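See structure below.
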Amino acid sequence: MSKVLAFDFGASTGRAIKAEYDGKSLKYSEVHRFENIPTTENGHLCWDFPYLLGEVKKAIDMCNDVDALAFDTWGVDYGLLDENDELIGLPVNYRDIRTNGMPDRIFEKISPYDLYKATGNQIMPINTLFQLTAEDRNNAKALLFMPDLFVWALCGNKSAEKTIVSTSQMYSFENGKWNYDIARLSEMDTDILQPLVDSSTAVGEYKGIKVIKVAGHDTQCAVAAMPAESGKCSAFLSCGTWSLIGCECDSAVLTEKSMSDELSNELGANGKVNYLKNISGLWLIQEIRRNFKAAGKDYSFNDMEQLARAEKPFSCFIDPDAPEFATAGGVPEKIQNYCQKTNQPLPESDGALVRCIYESLAMKYKFAINQLSENTGRKFDVLHLLGGGTKDGFLCQMTADSLGFPVIAGPAEATAIGNILLQLIALGDIKDVEEGRAVIRAQERVKLYQPENADAWENAYNKFCAAVCSK
C-alpha cells in the first residue's frame, strides 16, 4: 500500500489530495483546501508564497503517514533566489500587467516566427521569457518555476521539471534542453536556469517523506490521467478557468501556419508533445457571476444555467479570447459592446448573456479542433473533457453538439489524479502513464455526451465564424 499527497494549485484555491494505491485500485480524497488569492507587492500582482507554504506544511502535518508528495501549478510563473538562497520578493502572477509591450522588445531582436520555431510555444505576453524581460531583479542567482519553488522550500533541491519548463518560451523541442540563445534575449543571466529533470523524479525528502517532481504543469498532470483507449483518434480538453484543447503528438509542430493559428507545443509527462491551444475557459462564467452578484443578483451556477437554457439559441457570439475579456469586471457590458461592434443583436437579459458565453466557448472549441486537424492531418473521433468543466453538463453537451462527435467527460479530478499517478510511477508501483491510464479506465466514472442537432449547430458555427473568426 503506497500513500501519496498531491498538491494542486488552481486559480483561486490550493488543495491537498491524499491517495492510497494497493496495486489494483486507487482511493483518494481531499484533506485540505486553502485560498490561493494573489496579493500585491511593490505594485505588482503576486503569489502569496509564505502563506501558501504555510498551508502546504499544515497539510503535510495532517498526513504524516504518506510516502511521497508532489506539486503542480499553472505554467510560466516563477520565483527568483539570491546568492544566499533567499527568495527575492514574492513571485509575480502572470496576470500582472508588467509584461505589456514586452513581446515587442523581444521582436526587435528576433522575428516572431523564428522565436516560435525555436521554442514551439504560442506567443503570449504571459510567457516566462517576456516576464523575465520585464524583470528588474539583477541580483537573481536562480530561477525556479512555482512547483519547483515549493520543492526547494521543503528539501532544498534546485532543478527545473521539464513539462513546466516547456511552457516558458525558452525550451528547445529539437534537443530537449534549455534554449539559452532565446533565454539571453531577456537580458537576464542564463546562469539562473536550473538543471532539467524528467517528470516522476524523486529529488529529496521532507520529514522522511519523499519529495517528487511530477509534471509541474497542471495541464500535463490532467492529460496524464486522460482515460484514452488505443485505436481512437483522441483529443483532450482540460477545462477550468482556462481551456486547453489539444492532442498528443510524437514531435513538435513548428510551422508558420501553426504559429499563425496560435497553437502551442508543450511537453507531456510521458515524453509526448501535447499540441494545444489556450482558450479562455470558465473564467467568463465565473467572472459574470461575480458581476451579477455585485449588482445584487446572487445567482448560483445552476441558476445561471437555467436562465441560459430558457433563451433563444445562437442569437450572438463573442470571441472568448478577445483582449477585453482577459481582465476582470464589466463582463455584461463588454459582451454587449463586442456584439455591437460586430453587428450582432445585443443580448439584453442575464440568461442571454450567459448563453452567449456558453455557445461561444463551444464554438471556439470547434474552431480549435479544426485548426488541430489541419495542422496534424488527423480526423478526431472523440474528445476527453477533463477537470472541473466535467461538472458543467450544459457545456459538455454543447461541446459535443458543436464538434459533431462524442465527448467523454471525466475524471473531474484529472489534475490531482495525474499528479498521484506520476508519483506512483516514481515509487515503482505503476510502470508508466499508459498503465496509469488503464487504472483510471477501470475505476473512474465518466459520462458520455453524444452530439445532437448537427445541422443547427453547423449552421450556427458558420454564423460564429462570420461574426468572430474574421475579426
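Every chain in the C-alpha cells has a letter given in the order shown (A, B, ...), and although residue numbers restart at 1 in each chain, ligands are simply numbered from 1 in the order shown.
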
| field | Exercise: stretch 144-149 of chain A partners within 6 Å, only C-alpha atoms, chain neighbours under 6 positions left out, as a list in words | value |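 In the requested form, the answer reads Phe71, Asp72, Asp77, Tyr78, Gly79 and Gly216 of chain A.
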
Do a neighbour search on stretch 370-374 of chain A at 10 Å with only C-alpha atoms, toss out local chain neighbours closer than 2 positions, and write the hits as a compact mmCIF listing (two decimals) with C-alpha atoms, in the first residue's frame.
# COMPACT_ATOMS: atom_id res chain seq x y z
CA ALA A 235 -8.32 14.98 -28.49
CA ILE A 245 -7.61 21.82 -26.08
CA GLY A 246 -5.22 19.62 -27.99
CA CYS A 247 -3.83 16.20 -28.84
CA LYS A 257 0.77 28.10 -40.09
CA SER A 258 0.89 26.56 -36.62
CA ASP A 261 -3.10 29.58 -35.73
CA GLU A 262 -1.78 30.33 -32.20
CA LEU A 263 -1.16 26.68 -31.38
CA TYR A 275 -0.05 20.14 -29.18
CA LEU A 276 -2.73 22.52 -27.98
CA LYS A 277 -4.49 25.84 -27.98
CA LYS A 364 -14.30 28.21 -30.13
CA TYR A 365 -13.58 24.58 -29.22
CA LYS A 366 -14.75 23.51 -32.69
CA PHE A 367 -12.63 26.26 -34.25
CA ALA A 368 -9.57 24.98 -32.35
CA THR A 376 -1.75 17.39 -37.86
CA GLY A 377 -3.79 15.77 -40.65
CA ARG A 378 -5.88 13.95 -38.06
CA LYS A 379 -9.62 13.39 -38.01
CA PHE A 380 -10.64 13.22 -34.36
CA LEU A 403 -17.87 19.26 -32.51

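Among the candidates A:Asn93, A:Ala118, A:Asp65, A:Ser25, the one nearest to A:Pro38 when counting only C-alpha atoms is A:Asn93.
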
| said: Between A:Arg33, A:Arg184, A:Lys210, A:Lys341, which residue has the minimum interatomic distance to A:Ala467, considering only C-alpha atoms? | reply: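 Smallest separation from A:Ala467 among the options: A:Lys341.
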
| query | What is the atom CA of A:Gly268 to atom CA of A:Cys221 distance in Å? | reply |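 According to the coordinates, atom CA of A:Gly268 and atom CA of A:Cys221 are separated by 8.2 Å.
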
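The environment of A:Gln286 within 12 Å, counting only C-alpha atoms and disregarding residues fewer than 6 places along the same chain, consists of Ala11, Ser12, Gly240, Thr241, Trp242, Ser280, Phe292, Lys293, Tyr299, Ser300, Phe301, Met304, Ala328, Gly329, Val331, Val354, Ile357, Tyr358 and Gly389 of chain A.
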
| query | Which parts of stretch 173-389 of chain A does DSSP call strand (DSSP E) when run on the backbone here, written out as a count of residues only? | reply | 46

| message | Residues within 12 Å of A:Asn459, please, as an MDAnalysis selection string. Count only C-alpha atoms; anything in the same chain fewer than 3 positions from it doesn't count. | response | chainID A and resid 313:314 363 401:402 453:456 462:466

| message | Between A:Gly75, A:Gly208, A:Gly388, A:Pro323, which residue has the minimum interatomic distance to A:Asp61, considering only C-alpha atoms? | response |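 Counting only C-alpha atoms, the residue closest to A:Asp61 is A:Gly208.
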
Stretch 305-309 of chain A surroundings by only C-alpha atoms, 8 Å radius, close-in-sequence under 5 positions cut, as a PDB file with all heavy atoms, in the first residue's frame:
ATOM      1  N   ASP A 350     -30.044  38.595 -18.571  1.00  0.00           N
ATOM      2  CA  ASP A 350     -28.940  37.872 -17.943  1.00  0.00           C
ATOM      3  C   ASP A 350     -28.759  36.496 -18.564  1.00  0.00           C
ATOM      4  O   ASP A 350     -27.638  36.038 -18.807  1.00  0.00           O
ATOM      5  CB  ASP A 350     -29.181  37.744 -16.437  1.00  0.00           C
ATOM      6  CG  ASP A 350     -29.160  39.087 -15.727  1.00  0.00           C
ATOM      7  OD1 ASP A 350     -28.708  40.083 -16.344  1.00  0.00           O
ATOM      8  OD2 ASP A 350     -29.603  39.146 -14.557  1.00  0.00           O
ATOM      9  N   GLY A 351     -29.879  35.809 -18.841  1.00  0.00           N
ATOM     10  CA  GLY A 351     -29.803  34.488 -19.452  1.00  0.00           C
ATOM     11  C   GLY A 351     -29.185  34.528 -20.835  1.00  0.00           C
ATOM     12  O   GLY A 351     -28.413  33.634 -21.210  1.00  0.00           O
ATOM     13  N   ALA A 352     -29.511  35.573 -21.610  1.00  0.00           N
ATOM     14  CA  ALA A 352     -28.948  35.696 -22.962  1.00  0.00           C
ATOM     15  C   ALA A 352     -27.439  35.931 -22.902  1.00  0.00           C
ATOM     16  O   ALA A 352     -26.682  35.413 -23.728  1.00  0.00           O
ATOM     17  CB  ALA A 352     -29.640  36.829 -23.706  1.00  0.00           C
ATOM     18  N   LEU A 353     -26.995  36.691 -21.910  1.00  0.00           N
ATOM     19  CA  LEU A 353     -25.560  36.929 -21.739  1.00  0.00           C
ATOM     20  C   LEU A 353     -24.835  35.628 -21.410  1.00  0.00           C
ATOM     21  O   LEU A 353     -23.779  35.324 -21.979  1.00  0.00           O
ATOM     22  CB  LEU A 353     -25.332  37.948 -20.619  1.00  0.00           C
ATOM     23  CG  LEU A 353     -25.717  39.395 -20.920  1.00  0.00           C
ATOM     24  CD1 LEU A 353     -25.849  40.196 -19.628  1.00  0.00           C
ATOM     25  CD2 LEU A 353     -24.681  40.037 -21.841  1.00  0.00           C
ATOM     26  N   VAL A 354     -25.406  34.843 -20.500  1.00  0.00           N
ATOM     27  CA  VAL A 354     -24.780  33.587 -20.110  1.00  0.00           C
ATOM     28  C   VAL A 354     -24.780  32.604 -21.274  1.00  0.00           C
ATOM     29  O   VAL A 354     -23.775  31.933 -21.532  1.00  0.00           O
ATOM     30  CB  VAL A 354     -25.487  32.977 -18.883  1.00  0.00           C
ATOM     31  CG1 VAL A 354     -24.909  31.604 -18.545  1.00  0.00           C
ATOM     32  CG2 VAL A 354     -25.368  33.909 -17.678  1.00  0.00           C
ATOM     33  N   ARG A 355     -25.897  32.527 -21.988  1.00  0.00           N
ATOM     34  CA  ARG A 355     -25.957  31.597 -23.128  1.00  0.00           C
ATOM     35  C   ARG A 355     -24.942  32.001 -24.193  1.00  0.00           C
ATOM     36  O   ARG A 355     -24.307  31.149 -24.819  1.00  0.00           O
ATOM     37  CB  ARG A 355     -27.359  31.574 -23.714  1.00  0.00           C
ATOM     38  CG  ARG A 355     -27.488  30.491 -24.784  1.00  0.00           C
ATOM     39  CD  ARG A 355     -28.890  30.216 -25.230  1.00  0.00           C
ATOM     40  NE  ARG A 355     -28.898  29.016 -26.064  1.00  0.00           N
ATOM     41  CZ  ARG A 355     -29.446  27.868 -25.749  1.00  0.00           C
ATOM     42  NH1 ARG A 355     -30.054  27.717 -24.577  1.00  0.00           N
ATOM     43  NH2 ARG A 355     -29.397  26.830 -26.568  1.00  0.00           N
ATOM     44  N   PHE A 394     -24.120  21.300 -19.065  1.00  0.00           N
ATOM     45  CA  PHE A 394     -24.588  22.188 -20.122  1.00  0.00           C
ATOM     46  C   PHE A 394     -23.470  22.440 -21.133  1.00  0.00           C
ATOM     47  O   PHE A 394     -23.668  22.313 -22.352  1.00  0.00           O
ATOM     48  CB  PHE A 394     -25.062  23.496 -19.487  1.00  0.00           C
ATOM     49  CG  PHE A 394     -25.866  24.396 -20.384  1.00  0.00           C
ATOM     50  CD1 PHE A 394     -26.869  23.905 -21.197  1.00  0.00           C
ATOM     51  CD2 PHE A 394     -25.627  25.771 -20.388  1.00  0.00           C
ATOM     52  CE1 PHE A 394     -27.627  24.745 -22.010  1.00  0.00           C
ATOM     53  CE2 PHE A 394     -26.379  26.620 -21.181  1.00  0.00           C
ATOM     54  CZ  PHE A 394     -27.374  26.108 -21.995  1.00  0.00           C
TER      55      PHE A 394
END

| query | How far is it from atom CA of A:Val446 to atom CA of A:Gly410, in Å with one decimal? | reply | 4.7 Å

| task | Identify which of the residues A:Ala16, A:Ala215, A:Glu229, A:Val223 lies closest to A:Lys57, counting only C-alpha atoms when measuring atom-to-atom distances. | result | A:Ala16

| message | Could you check the closest approach to A:Asp381 for each of A:Val439, A:Ile408, A:Ala140, A:Leu129 and tell me which residue wins, using only C-alpha atoms? | response |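 Of all the options, A:Ile408 lies closest to A:Asp381.
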
| said: For the structure I just gave you, how does DSSP split stretch 96-232 of chain A - specifically, which residues are alpha helix (DSSP H)? Reply as number ranges by chain. | reply: A: 102-107, 112-119, 128-133, 146-155, 162-165, 180-183, 218-224

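Taking atom CA of A:Ala416 and atom CA of A:Ser200 as the two end points, the separation is 14.2 Å.
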
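Proximity of A:Phe325, A:Phe173, A:Phe317, A:Phe107 to A:Asn121, computed with only C-alpha atoms, is greatest for A:Phe173.
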
| So which residues touch A:Phe9 within 8 Å, counting only C-alpha atoms, skipping near sequence neighbours fewer than 5 positions away, as number ranges by chain? | A: 14-15, 36, 71-74
